[in-house]
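Presented below is the structure to which this report refers.
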Amino acid sequence: MIDLAKLPLSITSFSEFCDRGKIYVDKTDLVADLAKFDAPIFLSRPCRFGKSTLVSTFHELFSNGLDKFQGLKIVTDNLWNDRTYNVIHLDLSKIKEQSDDINFNETFLQQLDDAFIHSGYEKILNEEIKTPARYLDIRFNQKDISGLVLLIDEYDAPLTAVMGDKEEFERRT
């Protein structure tokens, strides 16, 4: 019989699954397969299908290695023995709702810069960098950027938050 108290209701953090002993369906063999790609990966699934949990699992694996994966397939089947990486984890749900007097691009740029600074990179944001694409172009052309993993969660939140406002929606696209 399943202990209903162990169901991970409202939990999306892999680390929290482990720390609180919640039920976790072990798909770490698939996580290891995806983590081995040396190219951008775009994952799209419907709401409430575990995207945030998967992104959190990647974050834990890339930033801390196998510490919290003991007893799971990724360890027991010896599927991962790679190093750890600098991880930039952006959650765009944090900037989904903006008031009219706050510019979306400015907020997004600030979140990007804060995330890089938090991971030990120097501040580069200035008045000349006007778009997130330009910011990332500059970052990815720096020589100290090797070993970086960029995870973006809730990528659609800024757009879905303004779907009823045609003008704001078009401004963000």
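Within each chain, counting starts at residue 1; across the structure tokens, chains are named A, B, ... in the order shown, with ligands numbered 1 upward in that order.
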- request: Pick out each residue of range 1-71 of chain A that DSSP on the backbone tags as helix (DSSP H, G or I); I need them as a PyMOL selection string.
  value: chain A and resi 4-6+14-20+28-35+51-64+67-69
At a cut-off of 10 Å, can you tabulate as a Markdown table every residue of range 116-153 of chain A near range 31-46 of chain A together with its closest atom pair and the distance in Å to one decimal, using only C-alpha atoms and ordering rows by chain then number?
```
| residue | atom | partner | partner_atom | distance |
| --- | --- | --- | --- | --- |
| A:Val149 | CA | A:Pro40 | CA | 9.6 |
| A:Leu150 | CA | A:Pro40 | CA | 9.1 |
| A:Leu151 | CA | A:Ile41 | CA | 9.6 |
| A:Ile152 | CA | A:Phe42 | CA | 9.5 |
| A:Asp153 | CA | A:Leu43 | CA | 9.8 |
```
Can you pull out every residue within 12 Å of Tyr121 in chain A, counting only C-alpha atoms, but drop anything in the same chain fewer than 5 positions away, and send it as a PDB file with C-alpha atoms, in the first residue's frame?
```
ATOM      1  CA  ASN A  86      28.799  25.867 -13.319  1.00  0.00           C
ATOM      2  CA  VAL A  87      25.018  25.986 -13.588  1.00  0.00           C
ATOM      3  CA  ILE A  88      22.935  29.013 -14.488  1.00  0.00           C
ATOM      4  CA  LEU A 112      20.433  36.940 -16.340  1.00  0.00           C
ATOM      5  CA  ASP A 113      23.214  39.090 -14.930  1.00  0.00           C
ATOM      6  CA  ASP A 114      22.274  38.235 -11.328  1.00  0.00           C
ATOM      7  CA  ALA A 115      22.346  34.507 -12.153  1.00  0.00           C
ATOM      8  CA  PHE A 116      25.797  34.754 -13.748  1.00  0.00           C
ATOM      9  CA  ARG A 139      28.611  35.697 -22.273  1.00  0.00           C
ATOM     10  CA  PHE A 140      28.997  32.693 -24.563  1.00  0.00           C
ATOM     11  CA  GLN A 142      33.918  34.785 -23.082  1.00  0.00           C
ATOM     12  CA  LYS A 143      36.914  32.533 -22.630  1.00  0.00           C
ATOM     13  CA  ASP A 144      36.006  31.519 -19.050  1.00  0.00           C
ATOM     14  CA  ILE A 145      32.592  30.178 -20.084  1.00  0.00           C
ATOM     15  CA  SER A 146      33.595  26.541 -20.678  1.00  0.00           C
ATOM     16  CA  LEU A 148      28.725  26.126 -18.130  1.00  0.00           C
TER      17      LEU A 148
END
```
Residues flagged strand (DSSP E) by DSSP in range 39-97 of chain A, as a PDB file with all heavy atoms, in the first residue's frame:
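Output contents, as saved in result.pdb:
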```
ATOM      1  N   ASN A  86      29.469  24.645 -13.760  1.00  0.00           N
ATOM      2  CA  ASN A  86      28.799  25.867 -13.319  1.00  0.00           C
ATOM      3  C   ASN A  86      27.403  25.823 -13.925  1.00  0.00           C
ATOM      4  O   ASN A  86      27.262  25.590 -15.124  1.00  0.00           O
ATOM      5  CB  ASN A  86      29.521  27.118 -13.821  1.00  0.00           C
ATOM      6  CG  ASN A  86      30.840  27.335 -13.136  1.00  0.00           C
ATOM      7  OD1 ASN A  86      31.021  26.940 -11.994  1.00  0.00           O
ATOM      8  ND2 ASN A  86      31.769  27.961 -13.822  1.00  0.00           N
ATOM      9  N   VAL A  87      26.389  26.062 -13.119  1.00  0.00           N
ATOM     10  CA  VAL A  87      25.018  25.986 -13.588  1.00  0.00           C
ATOM     11  C   VAL A  87      24.343  27.341 -13.429  1.00  0.00           C
ATOM     12  O   VAL A  87      24.362  27.924 -12.338  1.00  0.00           O
ATOM     13  CB  VAL A  87      24.214  24.909 -12.827  1.00  0.00           C
ATOM     14  CG1 VAL A  87      22.751  24.907 -13.257  1.00  0.00           C
ATOM     15  CG2 VAL A  87      24.826  23.535 -13.045  1.00  0.00           C
ATOM     16  N   ILE A  88      23.785  27.828 -14.509  1.00  0.00           N
ATOM     17  CA  ILE A  88      22.935  29.013 -14.488  1.00  0.00           C
ATOM     18  C   ILE A  88      21.512  28.490 -14.659  1.00  0.00           C
ATOM     19  O   ILE A  88      21.197  27.888 -15.673  1.00  0.00           O
ATOM     20  CB  ILE A  88      23.277  29.996 -15.642  1.00  0.00           C
ATOM     21  CG1 ILE A  88      24.744  30.401 -15.611  1.00  0.00           C
ATOM     22  CG2 ILE A  88      22.337  31.197 -15.606  1.00  0.00           C
ATOM     23  CD1 ILE A  88      25.164  31.184 -14.406  1.00  0.00           C
ATOM     24  N   HIS A  89      20.700  28.697 -13.645  1.00  0.00           N
ATOM     25  CA  HIS A  89      19.322  28.178 -13.650  1.00  0.00           C
ATOM     26  C   HIS A  89      18.378  29.371 -13.599  1.00  0.00           C
ATOM     27  O   HIS A  89      18.270  30.043 -12.586  1.00  0.00           O
ATOM     28  CB  HIS A  89      19.130  27.273 -12.431  1.00  0.00           C
ATOM     29  CG  HIS A  89      17.817  26.591 -12.390  1.00  0.00           C
ATOM     30  ND1 HIS A  89      17.579  25.541 -11.547  1.00  0.00           N
ATOM     31  CD2 HIS A  89      16.655  26.774 -13.066  1.00  0.00           C
ATOM     32  CE1 HIS A  89      16.342  25.114 -11.705  1.00  0.00           C
ATOM     33  NE2 HIS A  89      15.758  25.859 -12.615  1.00  0.00           N
ATOM     34  N   LEU A  90      17.712  29.617 -14.715  1.00  0.00           N
ATOM     35  CA  LEU A  90      16.765  30.725 -14.798  1.00  0.00           C
ATOM     36  C   LEU A  90      15.351  30.185 -14.690  1.00  0.00           C
ATOM     37  O   LEU A  90      15.004  29.210 -15.350  1.00  0.00           O
ATOM     38  CB  LEU A  90      16.906  31.459 -16.128  1.00  0.00           C
ATOM     39  CG  LEU A  90      18.243  32.112 -16.422  1.00  0.00           C
ATOM     40  CD1 LEU A  90      18.240  32.669 -17.830  1.00  0.00           C
ATOM     41  CD2 LEU A  90      18.534  33.197 -15.418  1.00  0.00           C
ATOM     42  N   ASP A  91      14.539  30.829 -13.884  1.00  0.00           N
ATOM     43  CA  ASP A  91      13.121  30.491 -13.765  1.00  0.00           C
ATOM     44  C   ASP A  91      12.350  31.715 -14.226  1.00  0.00           C
ATOM     45  O   ASP A  91      12.241  32.703 -13.507  1.00  0.00           O
ATOM     46  CB  ASP A  91      12.782  30.132 -12.322  1.00  0.00           C
ATOM     47  CG  ASP A  91      11.322  29.780 -12.128  1.00  0.00           C
ATOM     48  OD1 ASP A  91      10.517  29.951 -13.080  1.00  0.00           O
ATOM     49  OD2 ASP A  91      10.967  29.340 -11.024  1.00  0.00           O
TER      50      ASP A  91
END
```
Given only C-alpha atoms as the counted atoms, nearest of A:Lys27, A:Arg134, A:Arg83, A:Lys94 to Thr57 in chain A: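 Checking each candidate against Thr57 in chain A, we get A:Lys27 as the closest.
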message: What does the structure give for the distance between CA of Glu16 in chain A and CA of Ser93 in chain A, in Å to one decimal?
response: 19.6 Å
statement: Using only C-alpha atoms, the shortest atom-to-atom distance to Asn105 in chain A among A:Arg48, A:Arg20, A:His118, A:Lys130 belongs to A:Lys130
- prompt: What is the CA of Glu128 in chain A to CA of Gly147 in chain A distance in Å?
  reply: 26.7 Å
field: Between CA of Ile23 in chain A and CA of Ala5 in chain A - distance in Å to one decimal
entry: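 Spanning CA of Ala5 in chain A to CA of Ile23 in chain A is a straight-line distance of 9.3 Å.
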statement: Using only C-alpha atoms, the shortest atom-to-atom distance to Asp77 in chain A among A:Glu122, A:Asp3, A:Asp29, A:Glu60 belongs to A:Asp29
